[in-house]
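Source file start28.cif; content: mmCIF, C-alpha atoms.
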```cif
data_structure
#
loop_
_atom_site.label_atom_id
_atom_site.label_comp_id
_atom_site.auth_asym_id
_atom_site.auth_seq_id
_atom_site.Cartn_x
_atom_site.Cartn_y
_atom_site.Cartn_z
CA ALA A 1403 120.31 -67.57 -60.60
CA TYR A 1404 124.10 -67.90 -60.73
CA ALA A 1405 124.47 -65.86 -57.53
CA HIS A 1406 122.07 -68.18 -55.69
CA GLN A 1407 122.95 -71.61 -57.08
CA ASP A 1408 122.86 -73.04 -53.57
CA VAL A 1409 119.08 -72.51 -53.36
CA PRO A 1410 117.25 -75.70 -54.35
CA PHE A 1411 114.94 -75.23 -57.30
CA GLU A 1412 112.03 -76.70 -55.35
CA ARG A 1413 112.57 -74.05 -52.64
CA LEU A 1414 112.56 -71.30 -55.26
CA VAL A 1415 109.25 -72.53 -56.66
CA GLU A 1416 107.86 -72.65 -53.11
CA ILE A 1417 108.90 -69.04 -52.41
CA VAL A 1418 107.68 -67.64 -55.74
CA ASN A 1419 104.48 -69.70 -55.45
CA PRO A 1420 103.36 -69.28 -59.07
CA THR A 1421 99.83 -70.03 -60.18
CA ARG A 1422 99.76 -73.68 -61.15
CA SER A 1423 98.46 -74.78 -64.55
CA LEU A 1424 98.41 -78.08 -66.37
CA ALA A 1425 98.78 -76.13 -69.62
CA HIS A 1426 102.32 -74.83 -69.12
CA HIS A 1427 105.37 -74.71 -66.85
CA PRO A 1428 104.65 -72.46 -63.84
CA LEU A 1429 107.84 -70.34 -64.04
CA PHE A 1430 108.84 -70.11 -67.70
CA GLN A 1431 107.82 -71.49 -71.07
CA VAL A 1432 110.99 -70.95 -73.13
CA MET A 1433 114.45 -72.14 -72.09
CA LEU A 1434 117.89 -71.60 -73.65
CA VAL A 1435 120.71 -73.74 -72.27
CA LEU A 1436 124.40 -73.47 -73.14
CA GLN A 1437 126.40 -76.47 -71.93
CA ASN A 1438 129.93 -75.07 -71.77
CA ALA A 1439 131.23 -76.31 -68.43
CA THR A 1440 134.70 -77.83 -68.53
CA GLN A 1441 134.51 -81.62 -68.65
CA GLY A 1442 136.89 -83.43 -66.35
CA ASP A 1443 138.72 -86.62 -67.25
CA PHE A 1444 137.35 -89.82 -65.83
CA ALA A 1445 139.85 -92.63 -66.19
CA MET A 1446 140.36 -95.86 -64.28
CA ASP A 1447 142.42 -98.97 -65.00
CA GLY A 1448 140.43 -101.35 -67.15
CA LEU A 1449 137.62 -98.85 -67.75
CA ARG A 1450 136.97 -96.92 -70.96
CA VAL A 1451 134.56 -93.95 -70.85
CA THR A 1452 133.10 -92.24 -73.93
CA GLU A 1453 130.67 -89.37 -74.24
CA ASP A 1454 127.42 -90.25 -75.95
CA GLU A 1455 124.65 -88.13 -77.37
CA ASP A 1456 121.94 -86.96 -75.00
CA VAL A 1457 119.13 -89.40 -74.49
CA HIS A 1458 115.76 -87.82 -75.30
CA ALA A 1459 112.61 -89.08 -73.66
CA GLY A 1460 110.40 -87.65 -76.39
CA ILE A 1461 108.69 -85.31 -73.93
CA ALA A 1462 109.14 -81.53 -73.85
CA LYS A 1463 109.61 -80.19 -70.30
CA VAL A 1464 108.68 -76.65 -71.41
CA ASP A 1465 106.95 -75.17 -74.46
CA LEU A 1466 110.24 -74.52 -76.28
CA ALA A 1467 113.76 -75.48 -75.24
CA VAL A 1468 117.01 -74.86 -77.12
CA SER A 1469 120.06 -76.71 -75.79
CA LEU A 1470 123.47 -75.77 -77.19
CA GLY A 1471 126.85 -77.36 -76.52
CA GLU A 1472 130.37 -76.38 -77.50
CA ARG A 1473 132.40 -78.69 -79.75
CA PHE A 1474 136.18 -79.04 -79.79
CA ASP A 1475 138.64 -80.94 -81.95
CA ALA A 1476 141.28 -83.40 -80.67
CA GLN A 1477 143.66 -80.51 -79.90
CA GLY A 1478 141.02 -78.63 -77.91
CA ALA A 1479 140.35 -75.94 -80.52
CA PRO A 1480 136.73 -74.73 -80.82
CA ARG A 1481 134.70 -76.37 -83.60
CA GLY A 1482 131.42 -74.49 -83.18
CA LEU A 1483 128.17 -75.39 -81.48
CA THR A 1484 125.80 -78.29 -81.69
CA GLY A 1485 122.21 -77.97 -80.61
CA VAL A 1486 118.84 -79.55 -80.05
CA VAL A 1487 115.41 -77.91 -80.20
CA GLU A 1488 112.65 -79.48 -78.12
CA PHE A 1489 109.06 -78.25 -78.47
CA ALA A 1490 105.57 -79.02 -77.30
CA THR A 1491 103.79 -80.54 -80.29
CA ASP A 1492 100.43 -79.12 -79.22
CA LEU A 1493 101.88 -75.60 -79.66
CA PHE A 1494 104.45 -75.95 -82.46
CA ASP A 1495 104.68 -78.10 -85.55
CA ARG A 1496 108.04 -79.43 -86.76
CA GLU A 1497 108.30 -76.85 -89.56
CA THR A 1498 107.88 -73.95 -87.12
CA ALA A 1499 110.49 -75.40 -84.74
CA VAL A 1500 112.94 -75.88 -87.62
CA THR A 1501 112.34 -72.28 -88.76
CA LEU A 1502 113.02 -70.97 -85.22
CA GLY A 1503 116.24 -73.02 -85.10
CA GLU A 1504 117.34 -71.64 -88.47
CA ARG A 1505 116.69 -68.09 -87.29
CA LEU A 1506 118.74 -68.65 -84.15
CA GLU A 1507 121.57 -70.10 -86.23
CA ARG A 1508 121.40 -67.10 -88.60
CA LEU A 1509 121.57 -64.72 -85.63
CA LEU A 1510 124.54 -66.54 -84.06
CA ARG A 1511 126.42 -66.55 -87.37
CA SER A 1512 125.78 -62.80 -87.69
CA VAL A 1513 127.18 -62.23 -84.19
CA VAL A 1514 130.31 -64.24 -84.97
CA ALA A 1515 130.81 -62.42 -88.27
CA ALA A 1516 130.47 -58.95 -86.70
CA PRO A 1517 130.69 -59.15 -82.88
CA SER A 1518 130.75 -55.36 -82.40
CA ARG A 1519 127.47 -54.72 -84.25
CA PRO A 1520 124.41 -53.81 -82.14
CA LEU A 1521 121.89 -56.64 -81.81
CA SER A 1522 119.20 -54.50 -83.43
CA THR A 1523 121.17 -54.49 -86.70
CA LEU A 1524 121.67 -58.26 -86.92
CA GLU A 1525 119.58 -60.26 -89.36
CA VAL A 1526 117.18 -62.89 -88.07
CA LEU A 1527 115.00 -63.41 -91.14
CA SER A 1528 116.09 -65.15 -94.33
CA ALA A 1529 116.24 -63.26 -97.63
CA ASP A 1530 112.93 -64.86 -98.71
CA GLU A 1531 111.25 -63.96 -95.41
CA ARG A 1532 112.54 -60.39 -95.67
CA ARG A 1533 111.24 -60.12 -99.26
CA LEU A 1534 107.79 -61.41 -98.23
CA LEU A 1535 107.74 -58.99 -95.32
CA ARG A 1536 108.43 -56.07 -97.66
CA GLU A 1537 105.75 -57.23 -100.10
CA TRP A 1538 103.09 -57.81 -97.43
CA ASN A 1539 103.79 -54.46 -95.79
CA ASP A 1540 103.84 -52.56 -99.06
CA THR A 1541 100.50 -50.88 -98.37
CA ALA A 1542 101.38 -47.44 -99.72
CA ARG A 1543 98.46 -45.94 -101.57
CA PRO A 1544 97.70 -42.47 -102.95
CA VAL A 1545 96.04 -40.44 -100.21
CA SER A 1546 93.39 -37.87 -100.99
CA GLY A 1547 94.01 -34.34 -99.78
CA ALA A 1548 90.32 -33.98 -98.96
CA THR A 1549 89.13 -33.24 -95.44
CA LEU A 1550 87.09 -35.76 -93.42
CA PRO A 1551 83.78 -33.93 -94.11
CA GLU A 1552 84.58 -33.89 -97.84
CA LEU A 1553 85.38 -37.62 -97.80
CA PHE A 1554 82.14 -38.30 -95.92
CA GLU A 1555 80.09 -36.23 -98.40
CA ALA A 1556 81.66 -38.18 -101.28
CA GLN A 1557 80.68 -41.46 -99.60
CA VAL A 1558 77.10 -40.15 -99.18
CA VAL A 1559 76.96 -39.53 -102.95
CA ARG A 1560 78.41 -42.99 -103.74
CA THR A 1561 76.27 -45.08 -101.32
CA PRO A 1562 73.44 -42.96 -99.87
CA ARG A 1563 71.36 -45.94 -98.70
CA ALA A 1564 74.20 -48.06 -97.32
CA VAL A 1565 74.28 -48.45 -93.52
CA ALA A 1566 76.76 -46.01 -91.98
CA VAL A 1567 76.07 -46.42 -88.24
CA GLU A 1568 74.63 -49.24 -86.14
CA HIS A 1569 73.72 -49.19 -82.46
CA GLY A 1570 71.76 -52.15 -81.13
CA THR A 1571 68.80 -52.48 -83.48
CA ASP A 1572 69.01 -48.85 -84.68
CA THR A 1573 70.70 -48.06 -87.99
CA LEU A 1574 71.36 -44.91 -90.00
CA THR A 1575 72.21 -44.81 -93.69
CA TYR A 1576 74.83 -42.41 -95.00
CA GLU A 1577 72.03 -40.20 -96.30
CA GLN A 1578 70.27 -40.11 -92.91
CA LEU A 1579 73.52 -39.55 -91.00
CA ASN A 1580 74.45 -36.73 -93.36
CA ALA A 1581 71.04 -35.08 -92.83
CA ARG A 1582 71.44 -35.27 -89.05
CA ALA A 1583 75.01 -33.95 -89.20
CA ASN A 1584 73.87 -31.02 -91.34
CA ALA A 1585 70.98 -30.28 -88.95
CA LEU A 1586 73.41 -30.24 -86.01
CA ALA A 1587 75.80 -27.97 -87.93
CA HIS A 1588 72.99 -25.49 -88.71
CA HIS A 1589 71.86 -25.53 -85.08
CA LEU A 1590 75.42 -24.74 -83.90
CA THR A 1591 75.69 -21.92 -86.45
CA ASP A 1592 72.43 -20.48 -85.16
CA GLN A 1593 73.96 -20.51 -81.66
CA GLY A 1594 76.89 -18.37 -82.89
CA ILE A 1595 79.46 -21.18 -83.26
CA GLY A 1596 81.92 -20.59 -86.11
CA PRO A 1597 85.04 -22.20 -87.59
CA GLU A 1598 87.84 -23.32 -85.20
CA GLN A 1599 85.64 -22.94 -82.12
CA TYR A 1600 85.36 -25.76 -79.59
CA VAL A 1601 82.03 -27.41 -78.92
CA ALA A 1602 81.41 -29.94 -76.15
CA LEU A 1603 78.92 -32.70 -76.88
CA ALA A 1604 77.32 -34.89 -74.19
#
```
With the file now loaded, output its structure as C-alpha cells.
Amino acid sequence: AYAHQDVPFERLVEIVNPTRSLAHHPLFQVMLVLQNATQGDFAMDGLRVTEDEDVHAGIAKVDLAVSLGERFDAQGAPRGLTGVVEFATDLFDRETAVTLGERLERLLRSVVAAPSRPLSTLEVLSADERRLLREWNDTARPVSGATLPELFEAQVVRTPRAVAVEHGTDTLTYEQLNARANALAHHLTDQGIGPEQYVALA
C-alpha cells in the first residue's frame, strides 16, 4: 500500500473486484491505524489554530477499527499513545471491545518493556484470564491402560442394552454389537487370520 499510494482507493477496489455484501466491508473487516505523521505549523496573522479531538459520527466503517496517535509534551518528547476503538454493535458489545483494547494495551506495554523479546512470548491475557484458561483446560484424567477391545467389553458389561450404534432407523445395542463383532472375529479366525495380520473390509 505504501509503495502504491498514488493509486486511488476506488481504483484498487475496481481492480480487486471483491464480492459485495451489505454485511461487511468488501476488502477488510479489521483496521489498525497509527497516526504518526509529522504535523506542520499553520500560523497566520490574526488566526489561532488548535488541534481538537476527532469527531466521531457514531458509525463504524468496518467491523473493528483501532486508531492510535502519538502524544508529545511541550518540548516535543514522546508521551505515549492515545487511542480509540470503534466497533460494529451488531458484532461486538462494549465489554468485548473494552477487553480487546485492554489486551492490545497489555501487548504494547510488553513490547516497550522488552523490545527484543519474540512476539510469541509476550503476554496478551490478564492474570485472571490466564488463570481461567489453565482451570478450563485442566482436563487431565487417569487413563486406563486397557486396550480398545477391553474397554468395549467393559462397556458391554456396564450397559448391555444401551444403544451403541445408530444408522438411519437401525440401531444396535452394546450387547448386539458385541455379538456381531465376536461372530466376525470367529469367522476371520476360521479363515486363518491371526494376530497382527491386516484385513480389508468393504
- Applied to the shown file, which residues does the PyMOL selection byres ((chain A and resi 1564) around 9) return, written as a PyMOL selection string? chain A and resi 1558+1561-1563+1565-1566+1574-1577
Grab all the atoms of region 1526-1543 of chain A that the file lists, wrap them in a box along x, y and z, add 5 Å per side, and give me centre plus edge lengths in Å (one decimal) as JSON.
```
{"center_x": 107.8, "center_y": -55.5, "center_z": -94.8, "size_x": 28.7, "size_y": 29.2, "size_z": 23.5}
```
- Query: Applied to the shown file, which residues does the PyMOL selection byres ((chain A and resi 1420-1434) around 8) return, written as a PyMOL selection string?
  - Reply: chain A and resi 1415+1418-1419+1435-1436+1463-1470
- Message: Quick check on the file I pasted: which residues fall under the PyMOL selection byres ((chain A and resi 1501-1511) around 8)? Write them as a list of chain:residue names.
- Response: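 Evaluating the PyMOL selection byres ((chain A and resi 1501-1511) around 8) on this file yields A:Val1487, A:Glu1497, A:Thr1498, A:Ala1499, A:Val1500, A:Ser1512, A:Val1513, A:Val1514, A:Ala1515, A:Leu1524, A:Glu1525, A:Val1526, A:Leu1527, A:Ser1528.
In this model, the gap between CA of Thr1484 (chain A) and CA of Thr1440 (chain A) comes to 15.9 Å.
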- Task: May I ask for the distance between CA of Glu1531 (chain A) and CA of Pro1517 (chain A), given in Å to one decimal place?
- Result: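 Separation of CA of Glu1531 (chain A) and CA of Pro1517 (chain A): 23.6 Å.
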- Message: I'd like the interatomic distance between CA of Pro1551 (chain A) and CA of His1569 (chain A), to a tenth of an Å.
- Response: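 About the pair CA of Pro1551 (chain A) and CA of His1569 (chain A): they are 21.7 Å apart.
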- Task: Within 8 Å of (132.4, -78.6, -77.3) (coordinates as in the file), grab all the protein and nucleic acid residues, counting only C-alpha atoms, and write them out as a list in words.
- Result: Asn1438, Gly1471, Glu1472, Arg1473, Phe1474, Pro1480, Arg1481, Gly1482, Leu1483 and Thr1484 of chain A
Could you take the residues named above and write them with C-alpha atoms, as a PDB file, in the coordinates of the input?
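Saved as part.pdb:
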```pdb
ATOM      1  CA  ASN A1438     129.930 -75.070 -71.770  1.00  0.00           C
ATOM      2  CA  GLY A1471     126.850 -77.360 -76.520  1.00  0.00           C
ATOM      3  CA  GLU A1472     130.370 -76.380 -77.500  1.00  0.00           C
ATOM      4  CA  ARG A1473     132.400 -78.690 -79.750  1.00  0.00           C
ATOM      5  CA  PHE A1474     136.180 -79.040 -79.790  1.00  0.00           C
ATOM      6  CA  PRO A1480     136.730 -74.730 -80.820  1.00  0.00           C
ATOM      7  CA  ARG A1481     134.700 -76.370 -83.600  1.00  0.00           C
ATOM      8  CA  GLY A1482     131.420 -74.490 -83.180  1.00  0.00           C
ATOM      9  CA  LEU A1483     128.170 -75.390 -81.480  1.00  0.00           C
ATOM     10  CA  THR A1484     125.800 -78.290 -81.690  1.00  0.00           C
TER      11      THR A1484
END
```
